[in-house]
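Here's the structure, in structure tokens; my notes come after.
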Amino acid sequence: MILIVYVTVDGQAKKIADKLEKVLEQNGCIVKVADMSVVSKKQLETANKIVVIASIRYGKFPKILFQFVAQNAHYLKEKAGDFVGINLIARNPAKAVPQNNVYVRKFLEKIDWEPNHVAIFAGALLYSKYHFFDKKMIQLIMYLTKGPTDSSQDIEFTDWEKVEQFGIKLVEER
Ligand SMILES: Cc1cc2nc3c(=O)[nH]c(=O)nc-3n(C[C@H](O)[C@H](O)[C@H](O)COP(=O)(O)O)c2cc1C
């Protein structure tokens with residue numbers, strides 16, 4: 001069983017987890033998708049493989065991710081766990097590799113786990129979901145990074161073909 005554990009705020013990490021589940025199931029794998037806040041020890045124990053998915057907020061991965069990795073590093077190492085990081089700077093393909101993605105690079109430096117594979121996908125810019133402060137801050141970040149600042153439009157930057165290719169890689173390595 002391949003266990004995909006995600007943590008999300010606005011749903012994009014879950015959407016990517018669900019897409020991977022679909023690709024894996026279409027290729028004959030048994031898959032379970034679990035929210036990091038409720039994933040059970042039994043699920044971690046019975047998995048043959050674990051994929052961890054998390055997204056960035058204001059330059060940081062969530063605390064629960066660090067706790068999850070610290071508590072379950074033995075499972076992640078034993079089951080050749082993979083890590084998937086989601087953020088908006090990865091909309092620039094040059095920043096979608098660990099050595100050029102500051103968030104993922106720093107995360108990997110801090111944890112006691114070297115993932116089997118690290119994938120980085122661009123997330124979604126969902127202005128319609130953000131509250132006033134977040135909307136203004138994201139607009140500023142977008143302005144500084146030459147991204148879209150029109151808050152009347154939501155944009156999904158996730159390259160679904162890239163997500164699918166990552167899923168296929170998992171199938172081939174099974
Ligand atoms: C409040 C907030 C802060 C964010 N900060 C960053 C950031 O510092 N750098 C970045 O590249 N993306 C940033 N993002 C983009 C998110 O990583 C992206 O929207 C992602 O799709 C969110 O995933 P989720 O829906 O699983 O929570 C931010 C998004 C929000 C809403």
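The chains in the structure tokens are called A, B, ... from first to last as shown; in each chain the residues are counted from 1, and the ligands are counted from 1 in the order shown.
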| message | Around ligand 1, which protein and nucleic acid residues have at least one atom no more than 6 Å from it, if we count only C-alpha atoms and all ligand atoms? List them as a PyMOL selection string. | response | chain A and resi 8-13+55-59+86-89+123-125+134
| said: So that I can check the secondary structure, give me every residue of region 62-129 of chain A assigned strand (DSSP E) by backbone DSSP, as number ranges by chain. | reply: A: 82-87, 118-122, 124-125
Can I get the selection written as a PDB file, in the first residue's frame, with C-alpha atoms?
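selection_14.pdb was written with the following content:
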ATOM      1  CA  ASP A  82       9.327  10.760  -0.806  1.00  0.00           C
ATOM      2  CA  PHE A  83       8.688  14.439  -0.161  1.00  0.00           C
ATOM      3  CA  VAL A  84       6.584  16.812  -2.257  1.00  0.00           C
ATOM      4  CA  GLY A  85       6.838  20.553  -1.560  1.00  0.00           C
ATOM      5  CA  ILE A  86       4.318  23.057  -2.900  1.00  0.00           C
ATOM      6  CA  ASN A  87       4.838  26.793  -3.266  1.00  0.00           C
ATOM      7  CA  VAL A 118      11.995  15.264  -3.642  1.00  0.00           C
ATOM      8  CA  ALA A 119       9.442  16.798  -6.004  1.00  0.00           C
ATOM      9  CA  ILE A 120       8.430  20.445  -6.070  1.00  0.00           C
ATOM     10  CA  PHE A 121       5.203  21.594  -7.676  1.00  0.00           C
ATOM     11  CA  ALA A 122       3.760  25.058  -8.100  1.00  0.00           C
ATOM     12  CA  ALA A 124      -2.442  27.812  -6.593  1.00  0.00           C
ATOM     13  CA  LEU A 125      -3.003  31.528  -6.193  1.00  0.00           C
TER      14      LEU A 125
END
| task | Could you tell me which of A:Ile53, A:Leu144, A:Leu108, A:Ala96 comes closest to Asp18 (chain A) if we count only C-alpha atoms? | result |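 When distances to Asp18 (chain A) are compared using only C-alpha atoms, the smallest one comes from A:Ile53.
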| said: Using only C-alpha atoms, which protein or nucleic acid residues come within 12 Å of Glu161 (chain A)? Drop anything in the same chain fewer than 3 positions from it, and give the result as number ranges by chain. | reply: A: 16, 19-20, 23, 121-122, 157-158, 164-168
| said: Going by DSSP on the backbone, which residues of region 15-148 of chain A come out as alpha helix (DSSP H)? List them as a ChimeraX atom specification. | reply: /A:15-26,41-46,63-78,102-110,132-144
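Shortest separation to Phe107 (chain A) among A:Lys14, A:Arg174, A:Lys22, A:Lys60 occurs at residue A:Lys60, atoms counted being only C-alpha atoms.
With distances restricted to only C-alpha atoms, A:Ile50 is the closest residue to His74 (chain A) from A:Val38, A:Ala94, A:Ile50, A:Val31.
Distances to Tyr103 (chain A) were evaluated for A:Gly81, A:Pro115, A:Pro62, A:Gly147 using only C-alpha atoms, and the minimum falls at A:Pro62.
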| request: With a distance cut-off of 9 Å and only C-alpha atoms, select the neighbouring residues of Leu76 (chain A), excluding the residue or stretch itself and same-chain residues fewer than 3 positions from it, and output the selection as a list in words. | output: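 Listing them by chain and then by number gives Leu44, Lys49, Ile50, Val51, Val69, Asn72, Ala73, Lys79, Ala80, Gly81, Asp82, Trp113, Glu114 and Pro115 of chain A.
Nearest residue to Asp150 (chain A), choosing from A:Lys77, A:Lys136, A:Lys106, A:Lys162 and counting only C-alpha atoms: A:Lys136.
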| said: From the options A:Leu126, A:Ala90, A:Ala47, A:Val39, which residue's atoms come nearest to Glu78 (chain A), counting only C-alpha atoms? | reply: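 Once distances to Glu78 (chain A) are computed over only C-alpha atoms, the minimum belongs to A:Ala47.
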| task | Give me, please, the distance in Å between CA of Val104 (chain A) and CA of Val52 (chain A), quoted to one decimal. | result |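 About the pair CA of Val104 (chain A) and CA of Val52 (chain A): they are 12.7 Å apart.
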